[in-house]
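> Sharing a structure with you now.
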Amino acid sequence: HARRMRGIIAAVESVVALPAYREHVLRWAPPIAAFDPGTPGVFLGFDFHLGPDGPRLIEINTNAGGALLNTLLARAQRACCPAMQDRVVGPVDLADMEQVFVGRFRSEWRRVRGDTPLRSIAIVDTAPAEQYLYPEFVLFQQLFARHHITCVITDARELDLRQGVLYHHDLPVDLVYNRLTDFSLEEPAHAGLRDAYLNRQVLVTPHPRAHALYADKRNLAALADARLLHDWGVPDDVITTLVNGIPRTVDVGPANAASLWAGRKQWFFKPATGYGSKAAYRGDKLTKRVWGDILQGRYVAQALVQPSERRLRVEQENIFLKLDLRNYVYDGQVQLLTSRLYQGQTTNFRTPGGGFAPVFCPRDV
């Protein structure tokens, strides 16, 4: 499964690099996506379900949280379980993972700033202290400090563009680690950050263009369209990998509304630019009212791939939890493989015994 996921990821990356693909998906992207900052963006998350025929790519995220937390979880698992000593969580050794993560930010910086030292990073989110992954922000802050990079955790409202420099109070900010879910920086509160980004006065990663190229759910329809891929000159083996590795995905609109409603039990409905399973629905749970909301929005329907399950013992009770698998990827290379355990329709991080969990593979994978 790990090898096949890496093969699907490599196939996606090869298509995303094509000018024809970029022209195609940027047609429905916000205007800011036309701006190319010259970097791939940190922490892409390729999320898979394990179906009867193997791993299926259900979505791609550009601000996938949890990489540093999962590194610590995996270290704890290895420390307490001798059986894990000879297993790995991906191509990067656990002992080197933090160094590699810092290296990704330095790589982003060098691509556009050359040998100029990276001195300061702002981790930016809306009300960051209220976010459930705030502890990871603190871990990143400490990690950057150990590598002699000043780091602040802040709301975008605390950033101020003055005389061509983005400041957090009195600190000039070199790079913004962007954890906002305003993927196109359209909200008024993010105007200063948006201007600094577009004028190359600060480096933002991940950025709006990366979201448009990877994370818009409509892109999956293109990535699994054999005829379209053939027209773009994609090799047959890559087409086969993508068609077999991505569930069928279609735009929801007036032309197919009746057929999708009639066969709704076979589909999962997602907002095209959504995140974190918000406003996503399994077809067999749909009501007429929600269906009306879907038709008024920008949604895709994805062929339902039931997640696999794990049995755990929690508080003296055996429970079954669904799971998905997340590959953290930078510039086409998988760094870390982890999972999320949950009950209900989608991941929620509220199920007892659920949340993130390490995934270990044999060393020869």
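Chain labels run A, B, ... following the order of the structure tokens; each chain numbers its residues from 1, and ligands are numbered from 1 in the order shown.
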Could you name the residues that touch segment 11-27 of chain A at 9 Å or less, counting only C-alpha atoms, but leaving out those on the same chain fewer than 6 positions away, as number ranges by chain?
A: 33-34, 209, 212-214, 216, 218-219, 222-223, 229, 232, 234, 238-239, 241-242, 331-332
> Would you output that residue set with N, CA and C atoms, as a PDB file, in the first residue's frame?

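Everything below was put into part-v2.pdb:
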```pdb
ATOM      1  N   ALA A  33      -4.216  33.084  -7.677  1.00  0.00           N
ATOM      2  CA  ALA A  33      -3.486  31.859  -8.012  1.00  0.00           C
ATOM      3  C   ALA A  33      -2.625  32.023  -9.252  1.00  0.00           C
ATOM      4  N   ALA A  34      -2.889  33.056 -10.051  1.00  0.00           N
ATOM      5  CA  ALA A  34      -2.059  33.299 -11.231  1.00  0.00           C
ATOM      6  C   ALA A  34      -0.649  33.744 -10.846  1.00  0.00           C
ATOM      7  N   ARG A 209      -1.384  29.706  -4.797  1.00  0.00           N
ATOM      8  CA  ARG A 209      -1.209  28.976  -6.059  1.00  0.00           C
ATOM      9  C   ARG A 209      -1.122  27.469  -5.799  1.00  0.00           C
ATOM     10  N   ALA A 212      -4.551  26.127  -5.346  1.00  0.00           N
ATOM     11  CA  ALA A 212      -5.293  26.051  -6.610  1.00  0.00           C
ATOM     12  C   ALA A 212      -4.833  24.874  -7.458  1.00  0.00           C
ATOM     13  N   LEU A 213      -3.545  24.556  -7.432  1.00  0.00           N
ATOM     14  CA  LEU A 213      -3.020  23.474  -8.264  1.00  0.00           C
ATOM     15  C   LEU A 213      -3.288  22.091  -7.682  1.00  0.00           C
ATOM     16  N   TYR A 214      -3.388  22.002  -6.369  1.00  0.00           N
ATOM     17  CA  TYR A 214      -3.513  20.696  -5.733  1.00  0.00           C
ATOM     18  C   TYR A 214      -4.843  20.470  -5.010  1.00  0.00           C
ATOM     19  N   ASP A 216      -7.964  22.147  -4.659  1.00  0.00           N
ATOM     20  CA  ASP A 216      -9.344  22.306  -5.115  1.00  0.00           C
ATOM     21  C   ASP A 216      -9.871  20.938  -5.529  1.00  0.00           C
ATOM     22  N   ARG A 218     -12.147  19.987  -7.400  1.00  0.00           N
ATOM     23  CA  ARG A 218     -12.465  19.818  -8.818  1.00  0.00           C
ATOM     24  C   ARG A 218     -11.267  19.288  -9.593  1.00  0.00           C
ATOM     25  N   ASN A 219     -10.076  19.502  -9.069  1.00  0.00           N
ATOM     26  CA  ASN A 219      -8.876  19.029  -9.748  1.00  0.00           C
ATOM     27  C   ASN A 219      -8.836  17.503  -9.837  1.00  0.00           C
ATOM     28  N   ALA A 222     -10.223  16.157 -13.015  1.00  0.00           N
ATOM     29  CA  ALA A 222      -9.290  16.234 -14.141  1.00  0.00           C
ATOM     30  C   ALA A 222      -8.202  15.170 -14.031  1.00  0.00           C
ATOM     31  N   LEU A 223      -7.714  14.943 -12.818  1.00  0.00           N
ATOM     32  CA  LEU A 223      -6.610  14.000 -12.623  1.00  0.00           C
ATOM     33  C   LEU A 223      -7.017  12.554 -12.887  1.00  0.00           C
ATOM     34  N   LEU A 229      -6.433  13.335 -19.840  1.00  0.00           N
ATOM     35  CA  LEU A 229      -5.013  13.055 -19.626  1.00  0.00           C
ATOM     36  C   LEU A 229      -4.339  12.626 -20.924  1.00  0.00           C
ATOM     37  N   TRP A 232      -3.536  15.476 -23.086  1.00  0.00           N
ATOM     38  CA  TRP A 232      -2.393  16.252 -22.603  1.00  0.00           C
ATOM     39  C   TRP A 232      -1.065  15.528 -22.820  1.00  0.00           C
ATOM     40  N   VAL A 234      -0.183  12.561 -21.491  1.00  0.00           N
ATOM     41  CA  VAL A 234       0.266  11.801 -20.320  1.00  0.00           C
ATOM     42  C   VAL A 234       0.484  10.345 -20.736  1.00  0.00           C
ATOM     43  N   VAL A 238       0.912   6.141 -16.546  1.00  0.00           N
ATOM     44  CA  VAL A 238       0.530   7.165 -15.564  1.00  0.00           C
ATOM     45  C   VAL A 238      -0.992   7.319 -15.539  1.00  0.00           C
ATOM     46  N   ILE A 239      -1.620   7.303 -16.714  1.00  0.00           N
ATOM     47  CA  ILE A 239      -3.080   7.386 -16.780  1.00  0.00           C
ATOM     48  C   ILE A 239      -3.709   6.226 -16.014  1.00  0.00           C
ATOM     49  N   THR A 241      -2.432   4.485 -13.569  1.00  0.00           N
ATOM     50  CA  THR A 241      -2.210   4.681 -12.132  1.00  0.00           C
ATOM     51  C   THR A 241      -3.218   5.666 -11.549  1.00  0.00           C
ATOM     52  N   LEU A 242      -3.484   6.762 -12.263  1.00  0.00           N
ATOM     53  CA  LEU A 242      -4.385   7.781 -11.747  1.00  0.00           C
ATOM     54  C   LEU A 242      -5.844   7.321 -11.789  1.00  0.00           C
ATOM     55  N   ASP A 331       7.665  18.807  -2.433  1.00  0.00           N
ATOM     56  CA  ASP A 331       8.307  18.801  -3.744  1.00  0.00           C
ATOM     57  C   ASP A 331       8.323  17.400  -4.352  1.00  0.00           C
ATOM     58  N   GLY A 332       7.204  16.699  -4.189  1.00  0.00           N
ATOM     59  CA  GLY A 332       7.044  15.380  -4.781  1.00  0.00           C
ATOM     60  C   GLY A 332       7.563  14.228  -3.950  1.00  0.00           C
TER      61      GLY A 332
END
```
> Output as CSV one row per residue of segment 281-308 of chain A within 7 Å of segment 51-75 of chain A: the closest atom pair and its distance in Å to one decimal place, counting only C-alpha atoms, sorted by chain and residue number ascending.

```
residue,atom,partner,partner_atom,distance
A:Val305,CA,A:Gly51,CA,6.0
A:Gln306,CA,A:Gly51,CA,6.4
A:Pro307,CA,A:Gly51,CA,6.6
A:Ser308,CA,A:Gly51,CA,6.9
```
> Quick one, how far is atom CA of Leu325 of chain A from atom CA of Phe48 of chain A?
5.1 Å
> Do you know which residues are at most 10 Å from His169 of chain A counting only C-alpha atoms, after dropping those on the same chain fewer than 4 positions away, and could you put them as a count of residues only?
4
> Which one is closest to Thr249 of chain A: A:Arg104, A:His230, A:Ala191, A:Ala221? Count only C-alpha atoms.
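Comparing A:Arg104, A:His230, A:Ala191, A:Ala221 against Thr249 of chain A, the winner is A:Ala221.
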> One decimal, in Å: what's the spacing between atom CA of Gln266 of chain A and atom CA of Asp284 of chain A?
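Distance reported for this atom pair: 7.8 Å.
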> Would you kindly return, as a PyMOL selection string, each protein, DNA or RNA residue with an atom no farther than 7 Å from any atom of Arg264 of chain A, considering only C-alpha atoms and excluding same-chain residues fewer than 3 positions away?
chain A and resi 260-261+267+283-284
> So that I can see what lies close to Phe183 of chain A, please list as JSON, numbers by chain the residues with an atom at most 8 Å from it, counting only C-alpha atoms and leaving out residues fewer than 3 positions away in the same chain.
{"A": [180, 186, 207, 208, 211]}
> Hey, can you spit out that residue selection with N, CA and C atoms as a short mmCIF file (atom, residue, chain, number, x, y, z; two decimals), in the first residue's frame?

```
data_model
loop_
_atom_site.label_atom_id
_atom_site.label_comp_id
_atom_site.auth_asym_id
_atom_site.auth_seq_id
_atom_site.Cartn_x
_atom_site.Cartn_y
_atom_site.Cartn_z
N LEU A 180 -3.67 29.49 7.57
CA LEU A 180 -5.01 30.03 7.36
C LEU A 180 -5.84 29.12 6.46
N GLU A 186 -8.48 36.35 0.78
CA GLU A 186 -9.49 37.30 0.34
C GLU A 186 -10.10 38.12 1.47
N HIS A 207 1.04 28.49 -0.21
CA HIS A 207 0.51 29.72 -0.79
C HIS A 207 -0.72 29.46 -1.64
N PRO A 208 -1.42 30.52 -2.06
CA PRO A 208 -2.66 30.34 -2.83
C PRO A 208 -2.51 29.55 -4.12
N HIS A 211 -2.55 25.83 -3.41
CA HIS A 211 -3.91 25.36 -3.13
C HIS A 211 -4.68 25.18 -4.43
#
```
